[in-house]
Amino acid sequence: FSVSSGVRAVDREPKDTMPMNSDRIFLGLVPLIRPWVIANARKRQARFASESPAPGGILFLGDSITQRGDWTSYFPDLAVVNRGIDGDTTEDVLARLDEALNSPRLVSLLIGTNDLHKFKDRLKDPAGIAERTEEIVSRIRAKAPDATILLNSVMPRTELFADRIRENTSHYLDIADRHDHFIPQRNVIAQRRILGRQQARQTLADVAPGLPACG
């Protein structure tokens, strides 16, 4: 387009605009929503401390993705325990792990995505995330040696985190080789909108023999 400068017309090409990235927007919002997230976490932690899960349950452990999962509806014939807390990181799960465990039959662990937007490099580095995740898995194995552990990969996000998620998934596969089952993000933890309840229940039954078959 042409802009008149009063001296001469100057032709300018329109500048390329960067596409909007939801993760970049979210990073800007994190400091604003953090007080609410902390308050919510404290309330759920207090409730969890007063409600010890029944032994032999199916434990879903993780962050907001787990917290907001309607696991009882997805698996109505299983003794489901939801121990997800909005905003949790691997460090947060480590801090509250012992009270979440009461001889579970199966533990589905989905954690690590909130570590990616920590401001300290040591916390958001994929190798560090994996190291803390393996500590969680090892502590579950020590306290609940008979439980099946499903280690879910971190769900896909935008290209801002894509490389680190791929590296994280590689580390998680190594952890699963040393310990138990690895579930790609598109399987069990992807919930009914991706798999459908029946297939999700079948997946649980496949990796944990003895669970009720699908109806």
# chains A, B, ... in the order shown; residues from 1 in each chain; ligands from 1
>>> residues_around(residues="Thr89 of chain A", least_positions_apart="6", cutoff="8 Å", atoms="only C-alpha atoms", output="list in words")
Asp63, Ile111, Gly112, Thr113, Asn114 and Asp115 of chain A
>>> write_last_selection(atoms="N, CA, C and O atoms", output="PDB file, in the first residue's frame")
ATOM      1  N   ASP A  63      -3.122 -34.111  37.126  1.00  0.00           N
ATOM      2  CA  ASP A  63      -3.421 -32.681  37.205  1.00  0.00           C
ATOM      3  C   ASP A  63      -4.873 -32.404  36.837  1.00  0.00           C
ATOM      4  O   ASP A  63      -5.754 -33.211  37.112  1.00  0.00           O
ATOM      5  N   ILE A 111       0.880 -36.946  34.220  1.00  0.00           N
ATOM      6  CA  ILE A 111       1.475 -35.770  34.854  1.00  0.00           C
ATOM      7  C   ILE A 111       2.646 -35.286  33.996  1.00  0.00           C
ATOM      8  O   ILE A 111       3.253 -36.070  33.266  1.00  0.00           O
ATOM      9  N   GLY A 112       2.941 -33.997  34.071  1.00  0.00           N
ATOM     10  CA  GLY A 112       4.099 -33.452  33.381  1.00  0.00           C
ATOM     11  C   GLY A 112       3.814 -32.235  32.524  1.00  0.00           C
ATOM     12  O   GLY A 112       4.716 -31.437  32.272  1.00  0.00           O
ATOM     13  N   THR A 113       2.572 -32.055  32.093  1.00  0.00           N
ATOM     14  CA  THR A 113       2.301 -30.934  31.180  1.00  0.00           C
ATOM     15  C   THR A 113       2.480 -29.581  31.857  1.00  0.00           C
ATOM     16  O   THR A 113       2.951 -28.631  31.238  1.00  0.00           O
ATOM     17  N   ASN A 114       2.140 -29.489  33.153  1.00  0.00           N
ATOM     18  CA  ASN A 114       2.294 -28.204  33.846  1.00  0.00           C
ATOM     19  C   ASN A 114       3.757 -27.887  34.154  1.00  0.00           C
ATOM     20  O   ASN A 114       4.107 -26.718  34.351  1.00  0.00           O
ATOM     21  N   ASP A 115       4.596 -28.911  34.196  1.00  0.00           N
ATOM     22  CA  ASP A 115       6.032 -28.667  34.373  1.00  0.00           C
ATOM     23  C   ASP A 115       6.615 -27.892  33.188  1.00  0.00           C
ATOM     24  O   ASP A 115       7.597 -27.173  33.339  1.00  0.00           O
TER      25      ASP A 115
END
>>> residues_around(residues="Pro55 of chain A", least_positions_apart="2", cutoff="8 Å", atoms="only C-alpha atoms", output="MDAnalysis selection string")
chainID A and resid 53 57 102:105
>>> select_by_dssp(residues="segment 12-180 of chain A", states="strand (DSSP E or B)", output="JSON, numbers by chain")
{"A": [58, 59, 60, 61, 62, 80, 81, 82, 83, 84, 106, 107, 108, 109, 110, 148, 149, 150, 151, 152]}
>>> atom_distance(atom1="atom CA of Leu61 of chain A", atom2="atom CA of Gly84 of chain A")
5.2 Å
>>> residues_around(residues="segment 32-44 of chain A", least_positions_apart="6", cutoff="9 Å", atoms="only C-alpha atoms", output="VMD selection string")
chain A and resid 83 to 88
>>> closest_residue(among="A:Ser170, A:Thr90, A:Asn82, A:Thr158", to="Arg132 of chain A", atoms="only C-alpha atoms")
A:Thr90
>>> closest_residue(among="A:Thr148, A:Ser52, A:Thr72, A:Thr133", to="Leu101 of chain A", atoms="only C-alpha atoms")
A:Ser52
